[in-house]
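Everything below concerns the one structure shown next.
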Amino acid sequence: MKTLLKIGVGAALLLSLIGCQVMGDERLISQTLNDFEESLLAKDVDKIMTYYSDSYSDVQGMNKVALRQILTGFKDSGGLDGLEISTDDAVVVINDDGTATVGPMTIKSGQFNVTQTYTLVKEDGAWLFSTVDTIQN
């Protein structure tokens, strides 16, 4: 009987720890998204780029260096002025492969209107964007 109790308590503790890890990751991802949104609204390209993995690439093959150039161009041309960001429908999913998916997130300005879904990887305890799927609206 004591052995069964120990196994039950051990299993409950393990499940609790796994649950805490998932909830902790969801909170970290939510915080990343909040900080990313603040950086976008502040038009802080340097800060924005800290949320992207060095291995970032999108479906068009754009890497982190090219993304920085595009964001800098948008900022310089006023394309980041008046941003509207909607995360109302965004859902965080922790995937079995250790990545996470978040979306949809809609970003609008006078120059563009896109809906994005992000795939994140955990690197050194931080969740970073590894790919972004973008749909032009």
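By order of appearance in the structure tokens: chains A, B, ..., then residues from 1 within every chain, and ligands from 1 in the order shown.
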Neighbours of Ile85 of chain A within 7 Å (only C-alpha atoms; same-chain residues fewer than 2 positions away dropped), as a PDB file with N, CA and C atoms, in the first residue's frame?
```pdb
ATOM      1  N   LEU A  83       0.836  52.508 -35.846  1.00  0.00           N
ATOM      2  CA  LEU A  83       0.606  51.058 -35.831  1.00  0.00           C
ATOM      3  C   LEU A  83      -0.613  50.704 -34.991  1.00  0.00           C
ATOM      4  N   THR A  87      -4.021  41.440 -30.834  1.00  0.00           N
ATOM      5  CA  THR A  87      -3.688  40.088 -30.382  1.00  0.00           C
ATOM      6  C   THR A  87      -4.915  39.421 -29.764  1.00  0.00           C
ATOM      7  N   THR A 106      -2.631  40.592 -35.827  1.00  0.00           N
ATOM      8  CA  THR A 106      -2.806  41.505 -36.950  1.00  0.00           C
ATOM      9  C   THR A 106      -2.070  42.806 -36.661  1.00  0.00           C
ATOM     10  N   ILE A 107      -1.292  43.248 -37.649  1.00  0.00           N
ATOM     11  CA  ILE A 107      -0.533  44.493 -37.531  1.00  0.00           C
ATOM     12  C   ILE A 107      -0.874  45.371 -38.732  1.00  0.00           C
ATOM     13  N   LYS A 108      -1.311  46.603 -38.439  1.00  0.00           N
ATOM     14  CA  LYS A 108      -1.698  47.539 -39.498  1.00  0.00           C
ATOM     15  C   LYS A 108      -0.970  48.856 -39.321  1.00  0.00           C
TER      16      LYS A 108
END
```
Could you pull out the residues in chain A that DSSP calls strand (DSSP E) from the backbone, as a short mmCIF file (atom, residue, chain, number, x, y, z; two decimals) with N, CA and C atoms, in the first residue's frame?
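Result file out-v3.cif:
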```cif
data_model
loop_
_atom_site.label_atom_id
_atom_site.label_comp_id
_atom_site.auth_asym_id
_atom_site.auth_seq_id
_atom_site.Cartn_x
_atom_site.Cartn_y
_atom_site.Cartn_z
N GLU A 84 -1.36 49.74 -35.49
CA GLU A 84 -2.45 49.14 -34.73
C GLU A 84 -2.14 47.65 -34.67
N ILE A 85 -2.12 47.11 -33.47
CA ILE A 85 -1.78 45.70 -33.27
C ILE A 85 -2.93 45.03 -32.54
N SER A 86 -3.39 43.92 -33.09
CA SER A 86 -4.46 43.17 -32.45
C SER A 86 -3.99 41.75 -32.13
N VAL A 91 -3.62 32.76 -29.97
CA VAL A 91 -3.62 31.58 -29.11
C VAL A 91 -2.19 31.04 -29.06
N VAL A 92 -1.74 30.69 -27.86
CA VAL A 92 -0.41 30.10 -27.66
C VAL A 92 -0.57 28.58 -27.61
N VAL A 93 0.21 27.88 -28.45
CA VAL A 93 0.20 26.42 -28.44
C VAL A 93 1.64 25.95 -28.26
N ILE A 94 1.88 25.16 -27.23
CA ILE A 94 3.20 24.54 -27.03
C ILE A 94 3.17 23.23 -27.82
N ALA A 100 6.82 26.55 -30.07
CA ALA A 100 5.50 27.08 -29.73
C ALA A 100 4.99 27.85 -30.94
N THR A 101 3.68 27.90 -31.07
CA THR A 101 3.05 28.64 -32.15
C THR A 101 2.09 29.65 -31.54
N VAL A 102 2.12 30.88 -32.05
CA VAL A 102 1.24 31.93 -31.56
C VAL A 102 0.62 32.64 -32.76
N GLY A 103 -0.67 32.80 -32.72
CA GLY A 103 -1.33 33.53 -33.78
C GLY A 103 -2.82 33.38 -33.67
N PRO A 104 -3.54 34.12 -34.44
CA PRO A 104 -3.08 35.17 -35.36
C PRO A 104 -2.88 36.51 -34.64
N MET A 105 -1.97 37.30 -35.18
CA MET A 105 -1.71 38.65 -34.68
C MET A 105 -1.78 39.57 -35.89
N THR A 106 -2.63 40.59 -35.83
CA THR A 106 -2.81 41.50 -36.95
C THR A 106 -2.07 42.81 -36.66
N ILE A 107 -1.29 43.25 -37.65
CA ILE A 107 -0.53 44.49 -37.53
C ILE A 107 -0.87 45.37 -38.73
N LYS A 108 -1.31 46.60 -38.44
CA LYS A 108 -1.70 47.54 -39.50
C LYS A 108 -0.97 48.86 -39.32
N ASN A 113 -1.00 46.01 -43.97
CA ASN A 113 -1.98 45.36 -43.12
C ASN A 113 -1.72 43.86 -43.25
N VAL A 114 -1.18 43.25 -42.20
CA VAL A 114 -0.81 41.84 -42.26
C VAL A 114 -1.34 41.09 -41.05
N THR A 115 -1.54 39.80 -41.25
CA THR A 115 -1.84 38.89 -40.15
C THR A 115 -0.68 37.91 -40.08
N GLN A 116 -0.15 37.72 -38.88
CA GLN A 116 1.03 36.88 -38.73
C GLN A 116 0.80 35.78 -37.69
N THR A 117 1.43 34.64 -37.97
CA THR A 117 1.50 33.54 -37.02
C THR A 117 2.98 33.27 -36.78
N TYR A 118 3.36 33.22 -35.52
CA TYR A 118 4.76 33.09 -35.14
C TYR A 118 5.06 31.69 -34.64
N THR A 119 6.21 31.16 -35.01
CA THR A 119 6.75 29.95 -34.41
C THR A 119 7.93 30.39 -33.57
N LEU A 120 7.95 29.93 -32.32
CA LEU A 120 9.01 30.33 -31.40
C LEU A 120 9.82 29.12 -30.96
N VAL A 121 11.07 29.36 -30.66
CA VAL A 121 11.96 28.35 -30.09
C VAL A 121 12.50 28.90 -28.78
N LYS A 122 12.80 27.99 -27.87
CA LYS A 122 13.35 28.42 -26.59
C LYS A 122 14.87 28.33 -26.66
N GLU A 123 15.52 29.48 -26.47
CA GLU A 123 16.98 29.56 -26.52
C GLU A 123 17.46 30.25 -25.25
N ALA A 126 14.82 31.87 -23.09
CA ALA A 126 13.94 32.88 -23.68
C ALA A 126 13.26 32.32 -24.93
N TRP A 127 12.01 32.66 -25.12
CA TRP A 127 11.28 32.25 -26.32
C TRP A 127 11.49 33.31 -27.39
N LEU A 128 12.00 32.88 -28.56
CA LEU A 128 12.31 33.79 -29.66
C LEU A 128 11.62 33.33 -30.93
N PHE A 129 11.32 34.30 -31.81
CA PHE A 129 10.70 33.97 -33.09
C PHE A 129 11.70 33.26 -33.99
N SER A 130 11.32 32.09 -34.47
CA SER A 130 12.18 31.37 -35.41
C SER A 130 11.65 31.46 -36.84
N THR A 131 10.34 31.53 -36.98
CA THR A 131 9.72 31.77 -38.28
C THR A 131 8.45 32.59 -38.08
N VAL A 132 8.07 33.29 -39.11
CA VAL A 132 6.83 34.05 -39.09
C VAL A 132 6.13 33.81 -40.42
N ASP A 133 4.88 33.39 -40.34
CA ASP A 133 4.05 33.21 -41.53
C ASP A 133 3.18 34.45 -41.66
N THR A 134 3.32 35.17 -42.77
CA THR A 134 2.62 36.43 -42.96
C THR A 134 1.61 36.34 -44.10
N ILE A 135 0.42 36.84 -43.82
CA ILE A 135 -0.63 36.93 -44.84
C ILE A 135 -0.96 38.40 -45.02
N GLN A 136 -0.89 38.87 -46.28
CA GLN A 136 -1.26 40.26 -46.58
C GLN A 136 -2.78 40.36 -46.55
#
```
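When atom CA of Asp81 of chain A is paired with atom CA of Lys43 of chain A, their separation reads 8.0 Å.
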(message) So that I can see what lies close to segment 64-72 of chain A, please list as a list of chain:residue names the residues with an atom at most 7 Å from it, counting only C-alpha atoms and leaving out residues fewer than 2 positions away in the same chain.
(response)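 The neighbour list is A:Val45, A:Met49, A:Asp54, A:Tyr56, A:Ser57, A:Met62, A:Phe74, A:Lys75, A:Asp76.
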(request) Could you jot down the atom CA of Asp35 of chain A to atom CA of Thr50 of chain A separation for me, Å, one decimal place? (result)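 Result for atom CA of Asp35 of chain A versus atom CA of Thr50 of chain A: 10.3 Å, one decimal.
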(request) To one decimal in Å, tell me the separation between atom CA of Phe36 of chain A and atom CA of Ile48 of chain A. (result) 6.1 Å
(message) Restricting the calculation to only C-alpha atoms: of A:Asn63, A:Thr32, A:Arg27, A:Leu80, which residue gets closest to Asp44 of chain A?
(response)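 Of all the options, A:Leu80 lies closest to Asp44 of chain A.
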(request) Would you return as a VMD selection string the members of chain A that DSSP assigns to helix (DSSP H, G or I) on this structure's backbone? (result) chain A and resid 2 to 41 45 to 49 64 to 76
